[in-house]
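This report concerns only the one structure given below.
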Amino acid sequence: MIKTSYFSKYKEPNGISIALSTPNWFTGEKYLNLNPNYDMLNEYKHTNNEVKYYHQYLDILEKLDPIKVLDDLDGKVLLCYEKSGTFCHRKLFSNWIQEKTGIIIPEHDYDILSFRNEYNFLSNFYPVSFIINNQIWESTENIYQAWKTLDLKDREQIRCVQPSVAKKLGKTVKMCDNWDEYKVQLMKKLLDLKFNKKEHPGLCKLLLETENRKIVEGNYWCDNFFGVCYCRKCNGLHGKNILGKMLMKKRTELRNENN
């Protein structure tokens with residue numbers, strides 16, 4: 001897997017420069033194909049025009065074969081100068097690769113790659129209560145799995161169990177005919193319920209505190225639709241990360257509400 005970082009933070013042997021110049025201490029490899037050129041850098045320093053810089057750098061990227069670049073840089077951490085979360089060409093490169101191949105390139109020790117530990121609140125298993133049709137539901141996972149079916153008895157059974165059990169039960173019910181078309185729309189509604197500033201201000205605060213980090217629903221159970229699977233078979237190569245993208249969009253909506 002390729003990752004990205006910046007010189008003052010990452011000083012391990014597998015760091016590789018994609019910058020025009022390097023710090024005096026840096027003795028590692030350089031990958032010149034991803035360098036911006038001097039003219040565009042100088043213009044950006046004087047104008048701070050991020051849009052123009054993006055298009056100029058995209059012209060450089062479009063001349064490359066993304067698969068070859070991935071092969072060349074496998075296991076490397078790409079380095080430039082800007083800190084995590086700021087505008088820089090390594091970020092533009094990782095976005096370009098994801099657009100071309102679907103492969104996510106995370107920022108080392110910055111991006112959120114799983115919904116565990118301090119980021120467990122992002123998980124659909126996270127305990128948070130909702131009242132729907134005068135009934136209490138204890139997680140978005142329970143609601144999501146229950147709405148796979150129109151059978152009210154199955155829904156009630158799923159409502160009353162732990163989220164992990166609800167997920168298992170959701171695989172046994174008679175599915176709605178239009179489930180594949182409806183599931184993304186339902187997930188969006190569930191995120192709107194979960195990250196509601198009036199009902200759950202603490203969760204909204206936690207989501208906003210992830211700042212500009214990329215959010216990836218990393219897993220090992222081959223969910224490459226809502227997440228990205230890192231098992232040996234999938235190896236993180238096929239994930240659409242729909243849930244991660246929806247969470248980042250919800251974060252932007254919350255931020256805009258505060259402005």
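Just remember, in the structure tokens the first chain shown is A, the second B, etc., residues are 1-based per chain, and ligands are 1-based in the order shown.
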
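Excluding A:Glu253 itself and same-chain residues fewer than 3 positions from it, the residues having an atom within 12 Å of it are Leu191, Asp192, Phe195, Asn196, Lys197, Cys204, Leu207, Leu208, Met246, Leu247, Met248, Lys249, Lys250, Asn256, Glu257, Asn258 and Asn259 of chain A, counting only C-alpha atoms.
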
Next, write the just-selected residues to a file, as a compact mmCIF listing (two decimals), in the first residue's frame, keeping C-alpha atoms as the atom set.
# COMPACT_ATOMS: atom_id res chain seq x y z
CA LEU A 191 -26.58 9.48 9.10
CA ASP A 192 -28.87 12.51 9.16
CA PHE A 195 -25.51 13.35 13.31
CA ASN A 196 -28.38 15.64 14.17
CA LYS A 197 -27.16 18.74 16.03
CA CYS A 204 -21.72 16.05 15.67
CA LEU A 207 -17.40 14.25 13.55
CA LEU A 208 -16.37 17.89 13.12
CA MET A 246 -21.14 9.95 3.04
CA LEU A 247 -19.63 10.71 6.45
CA MET A 248 -17.25 13.25 4.92
CA LYS A 249 -20.17 14.87 3.11
CA LYS A 250 -22.16 14.98 6.34
CA ASN A 256 -21.53 24.79 6.72
CA GLU A 257 -24.37 24.94 9.26
CA ASN A 258 -21.96 26.46 11.76
CA ASN A 259 -20.84 29.21 9.37

Need to verify the contact set: A:Tyr6, 10 Å, only C-alpha atoms, exclusion of same-chain residues closer than 5 positions in sequence. Can you return it as an mmCIF file with C-alpha atoms, in the first residue's frame?
data_model
loop_
_atom_site.group_PDB
_atom_site.id
_atom_site.type_symbol
_atom_site.label_atom_id
_atom_site.label_comp_id
_atom_site.auth_asym_id
_atom_site.auth_seq_id
_atom_site.Cartn_x
_atom_site.Cartn_y
_atom_site.Cartn_z
ATOM 1 C CA LYS A 11 11.714 10.004 8.334
ATOM 2 C CA GLY A 15 9.926 7.592 2.407
ATOM 3 C CA ILE A 16 10.251 8.805 -1.176
ATOM 4 C CA SER A 17 10.330 12.425 -2.303
ATOM 5 C CA VAL A 77 5.370 6.816 1.674
ATOM 6 C CA LEU A 78 5.268 9.823 -0.652
ATOM 7 C CA LEU A 79 6.710 13.000 0.850
ATOM 8 C CA CYS A 80 6.437 16.712 0.187
ATOM 9 C CA TYR A 81 6.616 19.718 2.544
ATOM 10 C CA GLU A 82 3.054 20.722 3.449
ATOM 11 C CA LYS A 83 1.456 19.427 6.647
ATOM 12 C CA SER A 84 -1.453 16.990 6.659
ATOM 13 C CA ARG A 90 0.529 14.739 -2.843
ATOM 14 C CA GLU A 107 -2.199 9.976 4.760
ATOM 15 C CA HIS A 108 0.140 8.250 7.230
#

Handout entry: Polymer residues at most 12 Å from A:Thr172, only C-alpha atoms, same-chain spacing of 4 or more positions, as a list in words
Key =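 Returned residues: Gln145, Ala146, Lys148, Thr149, Asp151, Asp154, Arg155, Gln157, Ile158, Val165, Ala166, Lys167 and Lys168 of chain A.
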
Hey, can you spit out that residue selection with C-alpha atoms as a PDB file, in the first residue's frame?
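Result file is result13.pdb:
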ATOM      1  CA  GLN A 145     -30.792  -4.361   8.752  1.00  0.00           C
ATOM      2  CA  ALA A 146     -34.494  -4.262   9.728  1.00  0.00           C
ATOM      3  CA  LYS A 148     -34.121  -4.867   4.389  1.00  0.00           C
ATOM      4  CA  THR A 149     -37.474  -6.593   4.817  1.00  0.00           C
ATOM      5  CA  ASP A 151     -41.889  -8.498   7.383  1.00  0.00           C
ATOM      6  CA  ASP A 154     -38.506  -9.934  11.364  1.00  0.00           C
ATOM      7  CA  ARG A 155     -38.102  -6.194  11.870  1.00  0.00           C
ATOM      8  CA  GLN A 157     -36.685  -9.336  16.090  1.00  0.00           C
ATOM      9  CA  ILE A 158     -33.854  -7.299  14.595  1.00  0.00           C
ATOM     10  CA  VAL A 165     -26.645  -9.984  15.850  1.00  0.00           C
ATOM     11  CA  ALA A 166     -28.840  -7.643  13.817  1.00  0.00           C
ATOM     12  CA  LYS A 167     -26.279  -7.799  11.006  1.00  0.00           C
ATOM     13  CA  LYS A 168     -26.410 -11.608  11.013  1.00  0.00           C
TER      14      LYS A 168
END

Exercise for the section: Just the residues within 10 Å of A:Lys214, please, counting only C-alpha atoms, with nothing from its chain fewer than 5 positions along; format it as a PyMOL selection string. Expected result: chain A and resi 85+104-107+110-113+244-245+247-248

Since we have the selection now, will you write its residues out, keeping C-alpha atoms, as a PDB file, in the first residue's frame?
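Contents of result-v5.pdb, freshly written:
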ATOM      1  CA  GLY A  85      -4.814  18.493   5.782  1.00  0.00           C
ATOM      2  CA  ILE A 104      -7.431   4.851  -1.691  1.00  0.00           C
ATOM      3  CA  ILE A 105      -4.063   6.314  -0.714  1.00  0.00           C
ATOM      4  CA  PRO A 106      -4.220   7.357   2.944  1.00  0.00           C
ATOM      5  CA  GLU A 107      -2.199   9.976   4.760  1.00  0.00           C
ATOM      6  CA  TYR A 110      -3.649  11.153   9.798  1.00  0.00           C
ATOM      7  CA  ASP A 111      -6.464   9.618   7.794  1.00  0.00           C
ATOM      8  CA  ILE A 112      -9.050   7.480   9.557  1.00  0.00           C
ATOM      9  CA  LEU A 113      -8.795   3.959   8.155  1.00  0.00           C
ATOM     10  CA  GLY A 244     -16.756   6.986   4.317  1.00  0.00           C
ATOM     11  CA  LYS A 245     -17.674   9.427   1.561  1.00  0.00           C
ATOM     12  CA  LEU A 247     -19.629  10.711   6.454  1.00  0.00           C
ATOM     13  CA  MET A 248     -17.249  13.253   4.922  1.00  0.00           C
TER      14      MET A 248
END

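Across the structure, atom CA of A:Trp96 and atom CA of A:Gly227 are spaced 18.9 Å apart.
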
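Distances to A:Ser114 were evaluated for A:Asp223, A:Gly218, A:His238, A:Lys68 using only C-alpha atoms, and the minimum falls at A:Gly218.
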
Problem - Residue with smallest distance to A:Lys3 - pool A:Gly75, A:Pro36, A:Pro23, A:Pro127, counting only C-alpha atoms - result: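 Residue with the minimum atom-to-atom distance to A:Lys3: A:Gly75.
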
Exercise for the section: Any chance you could list, as a list in words, the residues in stretch 11-148 of chain A that come up strand (DSSP E) when DSSP is run on the backbone? Expected result: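 DSSP-assigned strand (DSSP E) residues in stretch 11-148 of chain A: Gly15, Ile16, Ser17, Glu29, Lys30, Val77, Leu78, Leu79, Cys80, Phe130, Ile131, Ile132, Gln135, Ile136 and Trp137 of chain A.
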
Practice task
Apply DSSP to the structure's backbone, then extract all residues of stretch 26-218 of chain A labelled alpha helix (DSSP H) and return them as number ranges by chain.
Solution key: A: 38-47, 50-61, 66-73, 89-101, 140-146, 152-159, 163-170, 179-194, 201-208

Handout entry: Using only C-alpha atoms: which of A:Phe121, A:Leu92, A:Asp59, A:Glu156 has the shortest distance to A:Asn133
Key =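 Counting only C-alpha atoms, the residue closest to A:Asn133 is A:Glu156.
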
Practice task
Rank nothing, just name the residue among A:Leu73, A:Val228, A:Asn235, A:Ser139 nearest to A:Asn33, using only C-alpha atoms.
Solution key: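 Nearest candidate to A:Asn33 out of A:Leu73, A:Val228, A:Asn235, A:Ser139: A:Leu73.
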
Practice task
Compare A:Ile131, A:Lys153, A:Pro13, A:Leu34 by their minimum atom-to-atom distance to A:Lys63, counting only C-alpha atoms, and give me the closest one.
Solution key: A:Leu34

Handout entry: atom CA of A:Ile136 to atom CA of A:Val216, distance in Å rounded to a single decimal
Key = 28.9 Å

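Counting only C-alpha atoms, the residue from A:Asn48, A:Glu199, A:Thr101, A:Asn142 that sits nearest to A:Gly236 is A:Thr101.
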
Practice task
Pick out the residues sitting within 12 Å of A:Leu58, and hand them over as a ChimeraX atom specification; count only C-alpha atoms, and ignore anything fewer than 6 positions along from it in its own chain.
Solution key: /A:34-37,40,50-52,64,89-97

Just the selected residues (C-alpha atoms), exported as a PDB file, in the first residue's frame, please.
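Once everything was written out, this is out.pdb:
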ATOM      1  CA  LEU A  34       5.237  13.281  -9.685  1.00  0.00           C
ATOM      2  CA  ASN A  35       7.201  16.511  -9.312  1.00  0.00           C
ATOM      3  CA  PRO A  36       5.432  19.775 -10.067  1.00  0.00           C
ATOM      4  CA  ASN A  37       7.506  22.109 -12.266  1.00  0.00           C
ATOM      5  CA  MET A  40       3.746  26.430 -11.720  1.00  0.00           C
ATOM      6  CA  GLU A  50      -5.235  26.655  -5.990  1.00  0.00           C
ATOM      7  CA  VAL A  51      -7.595  26.012  -8.908  1.00  0.00           C
ATOM      8  CA  LYS A  52      -5.005  26.893 -11.537  1.00  0.00           C
ATOM      9  CA  LEU A  64       1.224   9.020 -16.560  1.00  0.00           C
ATOM     10  CA  HIS A  89       0.262  18.072  -4.700  1.00  0.00           C
ATOM     11  CA  ARG A  90       0.529  14.739  -2.843  1.00  0.00           C
ATOM     12  CA  LYS A  91      -3.140  15.185  -1.925  1.00  0.00           C
ATOM     13  CA  LEU A  92      -3.987  15.995  -5.541  1.00  0.00           C
ATOM     14  CA  PHE A  93      -2.107  12.870  -6.603  1.00  0.00           C
ATOM     15  CA  SER A  94      -3.943  10.604  -4.142  1.00  0.00           C
ATOM     16  CA  ASN A  95      -7.301  11.991  -5.325  1.00  0.00           C
ATOM     17  CA  TRP A  96      -6.292  11.384  -8.948  1.00  0.00           C
ATOM     18  CA  ILE A  97      -5.298   7.775  -8.244  1.00  0.00           C
TER      19      ILE A  97
END

Exercise for the section: Would you mind reading off the distance between atom CA of A:Phe225 and atom CA of A:Ser164, one decimal, in Å? Expected result: 18.6 Å
